[in-house]
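Worksheet for the structure shown next.
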Amino acid sequence: MKPADDIERIVNNMSFQAGPEADRRLWADTREAQQQTQARTAAPSGGRLRRQIMRNPRMNLAAAAAILVAVVLSIGLWDKSARRAYAIDQTLEASHSVRCLEIRDFEAGKEGPKVFWVEFDEAGQVRNIRAEMPAWEAPGDGARIAVWQKGKARVWYKEKKSLVTFPETRFADNMLKVVQLLDPALALQRFSQLEKQGLVTLEIDDTADPIVVTSTNSPQLKDAGYQPDRTVLFIDRGTKLVTKTEQYRRTPNGGYESLGRTEFSGYNQPIAPAVFALDDVPADVTRIDQTTQEVGLEQGDLSDEEIAVKVVREFYEAVIAKDFAKAGRLFEGVPAAKIQEILGDLTIVRIVSIGVPKPHPMPEVGGFQVPCQLEVEKNGVKSVYVPYGPGVRRVYNQPQRWDIHGGVK
């Protein structure tokens, strides 16, 4: 169970993300475009809209659906016909008044969507987020619900019967980042260049109901890390807000196959407070709260391997001393009673060795697996026991602290 990693995966796996490499490049291009935009006067065509956007550099996620349109349509948008630009301009204008949004993210071939509810304050900043993730999205963890409020995230693992609370800023920041990356005031130059280079083709059918926008990347962009190859957006003719996007991947025979779709709804429809309260978590769920206690150990001058060994040593020393509260703080803040339950009838007599051979890096989850041998006693018989792990890594959002995340038995 790695709730902090889970939060990051939830955001990164949303189907309307650009992908890590494209994300990195787009940030660089965005910064350059921003500098260029600030260095000169905006062109008369579309200038009012761009000035409105630039006055609010941290645009709220409520505009995510509309900004998706901007990403595709900012490719030479304002030097096209007035009729073509009208619908897009109105879409962007409409997004500024949005305060609530529901997102349902479907992946092709998977049963059930990922569902997000997002609520914003009067300044357009994220106030509340709820994410409901189906079991297929992370088979090892099962179905779960994540809620973010006031700098804290809570993740309820239904099958594992655990509720983990921890300090979290990246959930909201990453959601805002989606919008910042796609801000048309910054992406305009980037995508205009792509169109001029023949890397993108764009089709807008503003006679349809809903309005249909199709953006197709050239094969060269696939090599550059941009996905999906084709995005189709549907814009409600009355509200000028996006109701759905469809994502496609190019096939070897020149066709396209579906990657999934994202549906946007609930614009400005109040969200019941209970959605973000998690009041329906059963009483028998184990509650782990990292915001009310200091977990792990401070690294200080120790090397990464040395602090990993120290954490494991102090954990088992605490277990031998029956100080299960301390052991729990070294194990992601797990309650003392849960530590006793995890260890079961394993009575540890003494530590035989820790860190021999040296800790083994675990790049897939971060940190190290620390080898150790323990002398245990069961039914009056002593023997040497080798735990599965333990695994030790940096505490989430506290890089100078390390704790155990599993494998203690």
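Ligands are numbered from 1 in the order shown, residues from 1 within each chain, and chains are lettered A, B, ... in the order they appear in the structure tokens.
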task = Excluding stretch 126-129 of chain A and any residue of its chain fewer than 4 positions from it, enumerate the residues within 7 Å of it, using only C-alpha atoms, and give them as a count of residues only.
result = 11
All residues 8 Å or closer to A:Gly366, only C-alpha atoms, same chain fewer than 4 positions away omitted, as number ranges by chain = A: 361-362, 393-394
request  = Please identify all polymer residues within 6 Å of stretch 207-214 of chain A, counting only C-alpha atoms, omitting same-chain residues fewer than 6 positions from it, and present them as a list of chain:residue names.
outcome  = A:Thr231, A:Val232, A:Leu233, A:Phe234, A:Ile235, A:Asp236, A:Arg237
For those residues, write N, CA and C atoms to a file as a compact mmCIF listing (two decimals), in the first residue's frame.
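See selection19.txt below for the written result:
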```txt
# COMPACT_ATOMS: atom_id res chain seq x y z
N THR A 231 -7.48 13.44 -31.33
CA THR A 231 -8.43 13.81 -30.28
C THR A 231 -9.66 14.43 -30.92
N VAL A 232 -10.82 13.94 -30.53
CA VAL A 232 -12.08 14.50 -31.02
C VAL A 232 -12.81 15.12 -29.82
N LEU A 233 -13.21 16.37 -29.97
CA LEU A 233 -13.90 17.07 -28.90
C LEU A 233 -15.32 17.43 -29.33
N PHE A 234 -16.24 17.36 -28.37
CA PHE A 234 -17.64 17.67 -28.62
C PHE A 234 -18.04 18.86 -27.74
N ILE A 235 -18.52 19.94 -28.38
CA ILE A 235 -18.81 21.18 -27.67
C ILE A 235 -20.31 21.44 -27.74
N ASP A 236 -20.91 21.61 -26.58
CA ASP A 236 -22.34 21.90 -26.53
C ASP A 236 -22.61 23.25 -27.19
N ARG A 237 -23.53 23.24 -28.15
CA ARG A 237 -23.78 24.45 -28.92
C ARG A 237 -24.40 25.54 -28.07
```
ask   = Could you write out, as a ChimeraX atom specification, all the residues of stretch 134-275 of chain A that DSSP marks as strand (DSSP E)?
value = /A:144-149,152-157,162-167,200-205,211-217,230-235,242-250,256-265
key: alpha helix (DSSP H) residues, from DSSP on the backbone, in stretch 223-401 of chain A, as a VMD selection string   = chain A and resid 223 304 to 320 324 to 330 336 to 343
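Excluding A:Ile145 itself and same-chain residues fewer than 6 positions from it, the residues having an atom within 7 Å of it are Ala131, Glu132, Met133, Val155, Trp156 and Tyr157 of chain A, counting only C-alpha atoms.
Across the structure, atom CA of A:Gln227 and atom CA of A:Asn397 are spaced 29.5 Å apart.
Taking only C-alpha atoms, the non-local environment of A:Arg104 within 9 Å (same-chain residues fewer than 6 positions away omitted) comprises Pro113, Lys114, Val115, Phe116, Trp117, Arg261, Thr262, Glu263, Phe264 and Ser265 of chain A.
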Next, write the just-selected residues to a file, as a PDB file, in the first residue's frame, keeping C-alpha atoms as the atom set.
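So part.pdb came out as:
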```pdb
ATOM      1  CA  PRO A 113     -14.654   4.701 -15.442  1.00  0.00           C
ATOM      2  CA  LYS A 114     -12.359   6.660 -13.188  1.00  0.00           C
ATOM      3  CA  VAL A 115     -14.542   9.413 -11.753  1.00  0.00           C
ATOM      4  CA  PHE A 116     -13.441  12.829 -10.488  1.00  0.00           C
ATOM      5  CA  TRP A 117     -15.384  15.596  -8.783  1.00  0.00           C
ATOM      6  CA  ARG A 261     -13.085   8.872 -23.805  1.00  0.00           C
ATOM      7  CA  THR A 262     -13.493  11.543 -21.154  1.00  0.00           C
ATOM      8  CA  GLU A 263     -16.909  12.964 -20.301  1.00  0.00           C
ATOM      9  CA  PHE A 264     -17.387  16.359 -18.626  1.00  0.00           C
ATOM     10  CA  SER A 265     -20.587  17.249 -16.785  1.00  0.00           C
TER      11      SER A 265
END
```
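Nearest residue to A:Thr292, choosing from A:Arg230, A:Lys244, A:Lys152, A:Arg99 and counting only C-alpha atoms: A:Lys152.
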query = Within 6 Å of A:Leu330, counting only C-alpha atoms, which residues qualify if same-chain residues fewer than 2 places away don't, as a count of residues only?
reply = 6
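Among the candidate residues A:Gly124, A:Gly238, A:Pro139, A:Gly389, the one lying nearest to A:His360 is A:Gly389, with distances computed using only C-alpha atoms.
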task = Would you work out the distance separating atom CA of A:Gly254 from atom CA of A:Asp105, expressed in Å to one decimal?
result = 25.9 Å
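Of note, atom CA of A:Val370 and atom CA of A:Ile348 are spaced 17.3 Å apart.
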